[in-house]
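**Student:** What follows is a single structure, and I will ask about it in a moment.
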Amino acid sequence: MVALGFLAVNLAIGSTFGSFGVLIKPVAADFGASRGLASLGIAIILLLMGLSGPLLGVALRHLRIRTVMIAGALLMAAGFLLASRAPDFPTYLFAYSLVAGSGCALLGIIPSSTLVTNWFVARRGLAMGLISVPLIVALAPPAVAWLIEWRDWRFALVMQAVAVLLLLPFLLLVVDRPEDIGQRSLGALPASAGTESSAPLSGSQARLLRDRFFWGILLGAGLITCGGIVIVSHLVPYATDLGIEPTAAAMLMSVNGTASMVGALFCGWVADRIGARLTVGLLGVVLAVLWSLLLMFPVFPVIATLLLGIGLCAGGLHPAFAALLGNAFGREAFASALGLATLLMLPFTFAAAPLAGAIFDATGSYNVAFTLQIACFVVAAAILLGIFRARPH
């Protein structure tokens, strides 16, 4: 089940987010669209994933995870094929962002995380980390670039559709719950294997919205998430403003991405040993320190070294955060909790990069924006390590 979740998440995210940046230039050139307009697609996918989160959370309480994933794979393949035949830019945007983007939501993070939560009580954090390792996200850009250079961007999209369709036989192997085949969740006691009856809430989203611990988790994780978005969006311009060559600045992005793959596994493993809440809170502390050093020592060797830690923490946030939701609310409420959190975190995911850019425009430097982000890390750590520390599992 972990292997299947890994394949689903990686193909869903890798074939959309991983390839999008490579497609922007050739698509814009073919259709005569501006770079800004061509970049709109990824924002639409993020918005769609956020808005669909609560609906998907409810759907996963009534439909089989396998059915939802298969529907997502078919939608993604259809979207890529339609985009490959698009006669104009609006058709391309509709196909890639709305059709394939809807498939990405159905195939990706929420269903796979729900699957892992159903199968694991013990080692849940490590299992979340395994499905979160962004391997295909890292491999997709050079692969798509090669396909575009060999043929064109339309052929690259056809190949992406084929890759997603090849996942379908594996999705048929998905088993929603261990009880469906006479087993029980890893680490679950026989009497509690089916329900995790100690979970404090049912799957009701209204009840989740009234739970202050849910809001504490959401606020803490959201403030930390902002940092990852700011780094991905502004690291290269920040580095080049310091006089670092563009190729070296791009290398810094590779360092950050590679470290995030390690971080997904490491932080999931740590969450199983010291607790997911403590892990997420400590991520805030470590990131506050690393970003402070980033401001104090803005030279290439130091930045590269610090990005090893920053990337590790960024990659480890989702598995620790998802494990925390699973531990706090139980598997019956997990899909609803994660889906609702995806929606409510939209202000963080949308505001982080534009706000950092606006602050730079106003001040001519990233120092104020980075200082504000450090304050966000400190607040997140205070929330998760102090104010909301008493909630029982």
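Simple scheme: letters A, B, ... for chains in structure tokens order, numbers from 1 for residues in each chain, numbers from 1 for ligands in the order shown.
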Write out as a list in words which residues come within 7 Å of A:Ser84 when counting only C-alpha atoms, dropping same-chain ones fewer than 6 positions away.

**Tutor:**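 My reading of the contact set: Arg154, Leu157 and Val158 of chain A.
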
**Student:** Since we have the selection now, will you write its residues out, keeping N, CA and C atoms, as a compact mmCIF listing (two decimals), in the first residue's frame?

**Tutor:**
```txt
# COMPACT_ATOMS: atom_id res chain seq x y z
N ARG A 154 3.79 18.98 -27.39
CA ARG A 154 2.57 18.17 -27.53
C ARG A 154 2.90 16.68 -27.34
N LEU A 157 3.35 15.87 -23.67
CA LEU A 157 2.08 15.69 -22.96
C LEU A 157 1.47 14.32 -23.24
N VAL A 158 1.58 13.85 -24.47
CA VAL A 158 1.07 12.51 -24.79
C VAL A 158 1.81 11.46 -23.97
```

**Student:** Quick one: residues within 12 Å of A:Thr67, only C-alpha atoms counted, chain neighbours fewer than 5 positions away excluded, as JSON, numbers by chain?

**Tutor:** {"A": [59, 60, 62, 72, 73, 74, 106, 107, 111, 168, 171, 172, 173, 174, 175, 176]}

**Student:** From a DSSP pass on the backbone, collect the residues of stretch 157-375 of chain A flagged as alpha helix (DSSP H) and hand them back as a ChimeraX atom specification.

**Tutor:** /A:157-165,168-171,205-209,212-241,246-274,276-296,300-344,346-363,367-375

**Student:** Considering only C-alpha atoms, return as JSON, numbers by chain whatever protein or nucleic-acid residues lie within 10 Å of stretch 370-382 of chain A, sequence-local ones (same chain, fewer than 3 positions apart) excluded.

**Tutor:** {"A": [216, 217, 218, 219, 220, 221, 222, 223, 224, 225, 226, 227, 230, 231, 277, 278, 279, 280, 281, 282, 283, 284, 285, 286, 287, 288, 289, 290, 291, 292, 294, 295, 352, 356, 359, 360, 365, 366, 367, 385, 386, 387, 388, 389]}

**Student:** Got time to write the residues from that selection, N, CA and C atoms, as a tab-separated table (two decimals), in the first residue's frame?

**Tutor:**
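Final file, again38.tsv:
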```tsv
chain	number	residue	atom	x	y	z
A	216	GLY	N	-5.17	24.85	15.73
A	216	GLY	CA	-3.78	25.01	16.13
A	216	GLY	C	-2.84	24.29	15.18
A	217	ILE	N	-3.18	23.04	14.84
A	217	ILE	CA	-2.38	22.29	13.87
A	217	ILE	C	-2.33	23.03	12.54
A	218	LEU	N	-3.48	23.49	12.10
A	218	LEU	CA	-3.60	24.16	10.80
A	218	LEU	C	-2.76	25.43	10.76
A	219	LEU	N	-2.87	26.25	11.81
A	219	LEU	CA	-2.14	27.52	11.83
A	219	LEU	C	-0.64	27.28	11.90
A	220	GLY	N	-0.22	26.35	12.76
A	220	GLY	CA	1.21	26.07	12.87
A	220	GLY	C	1.79	25.55	11.57
A	221	ALA	N	1.14	24.56	10.97
A	221	ALA	CA	1.64	23.99	9.71
A	221	ALA	C	1.58	25.00	8.58
A	222	GLY	N	0.53	25.83	8.56
A	222	GLY	CA	0.40	26.84	7.51
A	222	GLY	C	1.51	27.86	7.55
A	223	LEU	N	1.88	28.32	8.74
A	223	LEU	CA	2.95	29.30	8.86
A	223	LEU	C	4.30	28.72	8.43
A	224	ILE	N	4.51	27.43	8.70
A	224	ILE	CA	5.75	26.79	8.27
A	224	ILE	C	5.74	26.56	6.76
A	225	THR	N	4.58	26.20	6.21
A	225	THR	CA	4.46	25.98	4.76
A	225	THR	C	4.87	27.22	3.97
A	226	CYS	N	4.54	28.39	4.49
A	226	CYS	CA	4.90	29.63	3.79
A	226	CYS	C	6.38	29.68	3.44
A	227	GLY	N	7.21	29.20	4.36
A	227	GLY	CA	8.65	29.26	4.12
A	227	GLY	C	9.08	28.46	2.91
A	230	VAL	N	8.08	30.37	-0.23
A	230	VAL	CA	8.93	31.54	-0.46
A	230	VAL	C	10.29	31.11	-1.02
A	231	ILE	N	10.86	30.03	-0.47
A	231	ILE	CA	12.16	29.56	-0.97
A	231	ILE	C	12.06	29.12	-2.42
A	277	ARG	N	3.41	15.93	16.72
A	277	ARG	CA	3.25	17.34	17.12
A	277	ARG	C	4.59	17.95	17.48
A	278	LEU	N	5.38	17.23	18.26
A	278	LEU	CA	6.69	17.73	18.65
A	278	LEU	C	7.59	17.90	17.42
A	279	THR	N	7.47	16.97	16.47
A	279	THR	CA	8.29	17.07	15.26
A	279	THR	C	7.96	18.32	14.46
A	280	VAL	N	6.68	18.59	14.25
A	280	VAL	CA	6.29	19.78	13.48
A	280	VAL	C	6.72	21.05	14.22
A	281	GLY	N	6.55	21.06	15.55
A	281	GLY	CA	6.98	22.22	16.32
A	281	GLY	C	8.47	22.46	16.23
A	282	LEU	N	9.26	21.39	16.30
A	282	LEU	CA	10.71	21.53	16.20
A	282	LEU	C	11.14	21.97	14.81
A	283	LEU	N	10.37	21.59	13.79
A	283	LEU	CA	10.67	22.09	12.44
A	283	LEU	C	10.61	23.62	12.42
A	284	GLY	N	9.65	24.18	13.12
A	284	GLY	CA	9.56	25.64	13.21
A	284	GLY	C	10.78	26.24	13.88
A	285	VAL	N	11.25	25.62	14.96
A	285	VAL	CA	12.43	26.12	15.67
A	285	VAL	C	13.66	26.05	14.78
A	286	VAL	N	13.89	24.89	14.15
A	286	VAL	CA	15.08	24.70	13.32
A	286	VAL	C	15.07	25.66	12.13
A	287	LEU	N	13.91	25.81	11.50
A	287	LEU	CA	13.82	26.71	10.35
A	287	LEU	C	14.07	28.16	10.75
A	288	ALA	N	13.59	28.57	11.91
A	288	ALA	CA	13.85	29.94	12.38
A	288	ALA	C	15.34	30.19	12.52
A	289	VAL	N	16.06	29.21	13.05
A	289	VAL	CA	17.51	29.34	13.20
A	289	VAL	C	18.20	29.37	11.85
A	290	LEU	N	17.84	28.45	10.96
A	290	LEU	CA	18.51	28.37	9.65
A	290	LEU	C	18.26	29.61	8.81
A	291	TRP	N	17.03	30.13	8.81
A	291	TRP	CA	16.73	31.34	8.05
A	291	TRP	C	17.45	32.56	8.64
A	292	SER	N	17.60	32.59	9.96
A	292	SER	CA	18.35	33.69	10.58
A	292	SER	C	19.80	33.67	10.12
A	294	LEU	N	20.81	32.45	7.36
A	294	LEU	CA	20.77	32.80	5.94
A	294	LEU	C	20.88	34.31	5.76
A	295	LEU	N	20.22	35.07	6.64
A	295	LEU	CA	20.30	36.53	6.57
A	295	LEU	C	21.66	37.04	7.05
A	352	ALA	N	1.94	33.65	0.30
A	352	ALA	CA	3.36	33.67	0.68
A	352	ALA	C	4.25	34.28	-0.39
A	356	ALA	N	5.97	38.13	-0.37
A	356	ALA	CA	7.42	38.31	-0.34
A	356	ALA	C	7.87	39.17	-1.51
A	359	ILE	N	6.91	42.84	-0.80
A	359	ILE	CA	7.81	43.45	0.19
A	359	ILE	C	9.15	43.80	-0.46
A	360	PHE	N	9.62	42.93	-1.33
A	360	PHE	CA	10.86	43.23	-2.06
A	360	PHE	C	10.69	44.48	-2.92
A	365	SER	N	14.80	44.81	-1.09
A	365	SER	CA	15.59	43.76	-0.46
A	365	SER	C	14.64	42.67	0.04
A	366	TYR	N	15.19	41.44	0.18
A	366	TYR	CA	14.41	40.36	0.75
A	366	TYR	C	14.55	40.27	2.28
A	367	ASN	N	15.32	41.16	2.89
A	367	ASN	CA	15.58	41.06	4.32
A	367	ASN	C	14.31	41.15	5.16
A	385	LEU	N	4.38	23.67	20.24
A	385	LEU	CA	5.15	23.18	21.37
A	385	LEU	C	4.60	23.64	22.71
A	386	GLY	N	3.82	24.70	22.69
A	386	GLY	CA	3.33	25.26	23.94
A	386	GLY	C	1.82	25.23	24.10
A	387	ILE	N	1.15	26.03	23.30
A	387	ILE	CA	-0.29	26.27	23.53
A	387	ILE	C	-1.10	25.00	23.34
A	388	PHE	N	-0.77	24.19	22.32
A	388	PHE	CA	-1.60	23.01	21.99
A	388	PHE	C	-0.91	21.69	22.30
A	389	ARG	N	-0.16	21.67	23.38
A	389	ARG	CA	0.62	20.47	23.65
A	389	ARG	C	-0.13	19.42	24.46
```

**Student:** Need the shell around A:Leu340: protein/DNA/RNA residues with any atom at most 8 Å away, counting only C-alpha atoms. Skip same-chain ones fewer than 4 positions apart. Format as a tab-separated table (two decimals) with N, CA and C atoms, in the first residue's frame?

**Tutor:**
```tsv
chain	number	residue	atom	x	y	z
A	53	GLY	N	-10.60	19.99	-1.64
A	53	GLY	CA	-10.19	19.21	-0.48
A	53	GLY	C	-11.32	18.73	0.41
A	54	PRO	N	-12.20	19.63	0.88
A	54	PRO	CA	-13.30	19.18	1.74
A	54	PRO	C	-14.24	18.19	1.04
A	57	GLY	N	-12.55	14.91	0.93
A	57	GLY	CA	-12.56	14.30	2.25
A	57	GLY	C	-13.87	13.60	2.53
A	205	GLN	N	-17.01	17.59	9.33
A	205	GLN	CA	-16.20	18.78	9.14
A	205	GLN	C	-16.67	19.92	10.03
A	336	SER	N	-11.46	13.76	6.10
A	336	SER	CA	-12.16	15.04	6.28
A	336	SER	C	-11.21	16.10	6.82
A	344	LEU	N	-8.36	25.29	3.94
A	344	LEU	CA	-8.13	26.41	4.85
A	344	LEU	C	-6.70	26.93	4.80
```

**Student:** For stretch 206-209 of chain A, list every protein, DNA or RNA residue within 10 Å, evaluated using only C-alpha atoms, and leave out those in the same chain fewer than 6 positions away; present the list as a PyMOL selection string.

**Tutor:** chain A and resi 215+329+333+336-337+340-341
